[in-house]
>>> print(open('protein11.pdb').read())   # PDB, C-alpha atoms
MODEL        1
ATOM      1  CA  MET J1241     141.274  92.524 -96.641  1.00  0.00           C
ATOM      2  CA  ILE J1242     142.356  92.070-100.243  1.00  0.00           C
ATOM      3  CA  ALA J1243     138.828  91.088-101.281  1.00  0.00           C
ATOM      4  CA  SER J1244     137.410  94.151 -99.556  1.00  0.00           C
ATOM      5  CA  CYS J1245     139.699  96.279-101.738  1.00  0.00           C
ATOM      6  CA  LEU J1246     139.380  94.362-104.992  1.00  0.00           C
ATOM      7  CA  ILE J1247     135.583  94.201-105.090  1.00  0.00           C
ATOM      8  CA  PRO J1248     134.972  97.984-105.141  1.00  0.00           C
ATOM      9  CA  LEU J1249     137.916  98.538-107.498  1.00  0.00           C
ATOM     10  CA  THR J1250     136.522  95.966-109.927  1.00  0.00           C
ATOM     11  CA  VAL J1251     133.045  97.474-109.723  1.00  0.00           C
ATOM     12  CA  CYS J1252     134.496 100.938-110.345  1.00  0.00           C
ATOM     13  CA  LEU J1253     136.441  99.770-113.405  1.00  0.00           C
ATOM     14  CA  ILE J1254     133.434  97.943-114.857  1.00  0.00           C
ATOM     15  CA  ALA J1255     131.267 100.997-114.255  1.00  0.00           C
ATOM     16  CA  GLY J1256     133.842 103.132-116.050  1.00  0.00           C
ATOM     17  CA  LEU J1257     133.793 100.795-119.033  1.00  0.00           C
ATOM     18  CA  VAL J1258     129.999 100.868-119.166  1.00  0.00           C
ATOM     19  CA  THR J1259     129.945 104.654-118.863  1.00  0.00           C
ATOM     20  CA  THR J1260     132.407 105.219-121.677  1.00  0.00           C
ATOM     21  CA  GLY J1261     130.956 102.513-123.894  1.00  0.00           C
ATOM     22  CA  THR J1262     127.314 103.579-124.045  1.00  0.00           C
ATOM     23  CA  ASP J1263     125.741 105.957-126.531  1.00  0.00           C
ATOM     24  CA  ARG J1264     124.363 108.959-124.654  1.00  0.00           C
ATOM     25  CA  ARG J1265     122.107 110.225-127.443  1.00  0.00           C
ATOM     26  CA  THR J1266     119.568 107.400-127.346  1.00  0.00           C
ATOM     27  CA  PHE J1267     117.491 105.656-124.718  1.00  0.00           C
ATOM     28  CA  ASP J1268     120.183 102.992-124.686  1.00  0.00           C
ATOM     29  CA  GLY J1269     122.368 105.618-123.000  1.00  0.00           C
ATOM     30  CA  ILE J1270     120.350 105.455-119.775  1.00  0.00           C
ATOM     31  CA  PRO J1271     122.900 103.119-118.103  1.00  0.00           C
ATOM     32  CA  ALA J1272     125.692 105.684-118.554  1.00  0.00           C
ATOM     33  CA  PRO J1273     124.688 108.098-115.739  1.00  0.00           C
ATOM     34  CA  ILE J1274     123.626 105.246-113.479  1.00  0.00           C
ATOM     35  CA  SER J1275     126.946 103.522-114.095  1.00  0.00           C
ATOM     36  CA  ALA J1276     128.841 106.752-113.404  1.00  0.00           C
ATOM     37  CA  ILE J1277     127.066 107.153-110.062  1.00  0.00           C
ATOM     38  CA  ILE J1278     127.800 103.531-109.136  1.00  0.00           C
ATOM     39  CA  GLY J1279     131.432 104.037-110.166  1.00  0.00           C
ATOM     40  CA  VAL J1280     131.861 107.086-107.945  1.00  0.00           C
ATOM     41  CA  PHE J1281     130.326 105.338-104.938  1.00  0.00           C
ATOM     42  CA  SER J1282     132.461 102.238-105.456  1.00  0.00           C
ATOM     43  CA  LEU J1283     135.571 104.436-105.773  1.00  0.00           C
ATOM     44  CA  ILE J1284     134.698 106.069-102.447  1.00  0.00           C
ATOM     45  CA  TRP J1285     134.172 102.587-100.982  1.00  0.00           C
ATOM     46  CA  PHE J1286     137.558 101.496-102.368  1.00  0.00           C
ATOM     47  CA  VAL J1287     139.397 104.454-100.827  1.00  0.00           C
ATOM     48  CA  ALA J1288     137.646 103.893 -97.505  1.00  0.00           C
ATOM     49  CA  ALA J1289     138.432 100.171 -97.465  1.00  0.00           C
ATOM     50  CA  CYS J1290     142.046 100.081 -98.650  1.00  0.00           C
ATOM     51  CA  ALA J1291     145.081 100.365 -96.438  1.00  0.00           C
ATOM     52  CA  LEU J1292     147.131 103.518 -95.921  1.00  0.00           C
ATOM     53  CA  PRO J1293     150.113 102.478 -98.097  1.00  0.00           C
ATOM     54  CA  ILE J1294     147.749 101.861-101.023  1.00  0.00           C
ATOM     55  CA  LYS J1295     146.181 105.292-100.522  1.00  0.00           C
ATOM     56  CA  LEU J1296     149.599 106.950-100.432  1.00  0.00           C
ATOM     57  CA  GLY J1297     150.633 105.065-103.560  1.00  0.00           C
ATOM     58  CA  LEU J1298     147.510 106.214-105.373  1.00  0.00           C
ATOM     59  CA  VAL J1299     148.168 109.819-104.367  1.00  0.00           C
ATOM     60  CA  LEU J1300     151.733 109.569-105.683  1.00  0.00           C
ATOM     61  CA  VAL J1301     150.539 108.048-108.962  1.00  0.00           C
ATOM     62  CA  VAL J1302     148.012 110.845-109.426  1.00  0.00           C
ATOM     63  CA  LEU J1303     150.616 113.509-108.650  1.00  0.00           C
ATOM     64  CA  VAL J1304     153.194 112.077-111.056  1.00  0.00           C
ATOM     65  CA  TRP J1305     150.625 111.514-113.806  1.00  0.00           C
ATOM     66  CA  GLY J1306     149.167 114.978-113.291  1.00  0.00           C
ATOM     67  CA  LYS J1307     152.556 116.644-113.467  1.00  0.00           C
ATOM     68  CA  ALA J1308     153.439 114.845-116.700  1.00  0.00           C
ATOM     69  CA  TYR J1309     150.029 115.623-118.193  1.00  0.00           C
ATOM     70  CA  VAL J1310     150.217 119.292-117.242  1.00  0.00           C
ATOM     71  CA  GLN J1311     153.765 119.616-118.572  1.00  0.00           C
ATOM     72  CA  ASN J1312     152.754 118.069-121.901  1.00  0.00           C
ATOM     73  CA  ASN J1313     149.812 120.471-122.221  1.00  0.00           C
ATOM     74  CA  VAL J1314     151.888 123.512-121.267  1.00  0.00           C
ATOM     75  CA  GLU J1315     154.589 122.589-123.771  1.00  0.00           C
ATOM     76  CA  ARG J1316     151.983 122.033-126.467  1.00  0.00           C
ATOM     77  CA  LEU J1317     150.264 125.364-125.812  1.00  0.00           C
ATOM     78  CA  GLY J1318     153.375 127.460-125.374  1.00  0.00           C
TER      79      GLY J1318
ENDMDL
END
>>> encode(input="protein11.pdb", output="structure tokens")
Amino acid sequence: MIASCLIPLTVCLIAGLVTTGTDRRTFDGIPAPISAIIGVFSLIWFVAACALPIKLGLVLVVLVWGKAYVQNNVERLG
């Protein structure tokens, strides 16, 4: 079960690195959209394959991170 969760997570992280590391203005930037598509599909695969406590933990992390990020932006703007 751990391998079924780690494989798509690893693929998603590698795809994210490839997407952010390529130059989009040249023909060398062709892997960027392909890598982004692969990353999204592997993230969906990861969420479908992982256990419920991992999913709940990820939701909590996103909520806490989002609240801190939004508060920092609101304080900066206002």
>>> resolve_selection(input="protein11.pdb", expression="the PyMOL selection byres ((chain J and resi 1251) around 10)", output="count of residues only")
19
>>> closest_residue(input="protein11.pdb", among="J:Ala1288, J:Ala1276, J:Val1301, J:Val1258", to="Cys1245 of chain J", atoms="all atoms listed in the file")
J:Ala1288
>>> atom_distance(input="protein11.pdb", atom1="atom CA of Thr1260 of chain J", atom2="atom CA of Val1310 of chain J")
23.1 Å
>>> atom_distance(input="protein11.pdb", atom1="atom CA of Thr1259 of chain J", atom2="atom CA of Ile1274 of chain J")
8.3 Å
>>> resolve_selection(input="protein11.pdb", expression="the PyMOL selection byres ((chain J and resi 1290-1294) around 9)", output="PDB file with C-alpha atoms, in the frame of the given file")
ATOM      1  CA  MET J1241     141.274  92.524 -96.641  1.00  0.00           C
ATOM      2  CA  ILE J1242     142.356  92.070-100.243  1.00  0.00           C
ATOM      3  CA  SER J1244     137.410  94.151 -99.556  1.00  0.00           C
ATOM      4  CA  CYS J1245     139.699  96.279-101.738  1.00  0.00           C
ATOM      5  CA  LEU J1246     139.380  94.362-104.992  1.00  0.00           C
ATOM      6  CA  TRP J1285     134.172 102.587-100.982  1.00  0.00           C
ATOM      7  CA  PHE J1286     137.558 101.496-102.368  1.00  0.00           C
ATOM      8  CA  VAL J1287     139.397 104.454-100.827  1.00  0.00           C
ATOM      9  CA  ALA J1288     137.646 103.893 -97.505  1.00  0.00           C
ATOM     10  CA  ALA J1289     138.432 100.171 -97.465  1.00  0.00           C
ATOM     11  CA  LYS J1295     146.181 105.292-100.522  1.00  0.00           C
ATOM     12  CA  LEU J1296     149.599 106.950-100.432  1.00  0.00           C
ATOM     13  CA  GLY J1297     150.633 105.065-103.560  1.00  0.00           C
ATOM     14  CA  LEU J1298     147.510 106.214-105.373  1.00  0.00           C
ATOM     15  CA  VAL J1299     148.168 109.819-104.367  1.00  0.00           C
TER      16      VAL J1299
END
>>> atom_distance(input="protein11.pdb", atom1="atom CA of Gly1306 of chain J", atom2="atom CA of Gly1261 of chain J")
24.5 Å
>>> axis_aligned_box(input="protein11.pdb", around="segment 1272-1289 of chain J", padding_each_side="3 Å", output="lines of an AutoDock Vina configuration file")
center_x = 131.5
center_y = 104.1
center_z = -108.0
size_x = 21.8
size_y = 13.9
size_z = 27.1
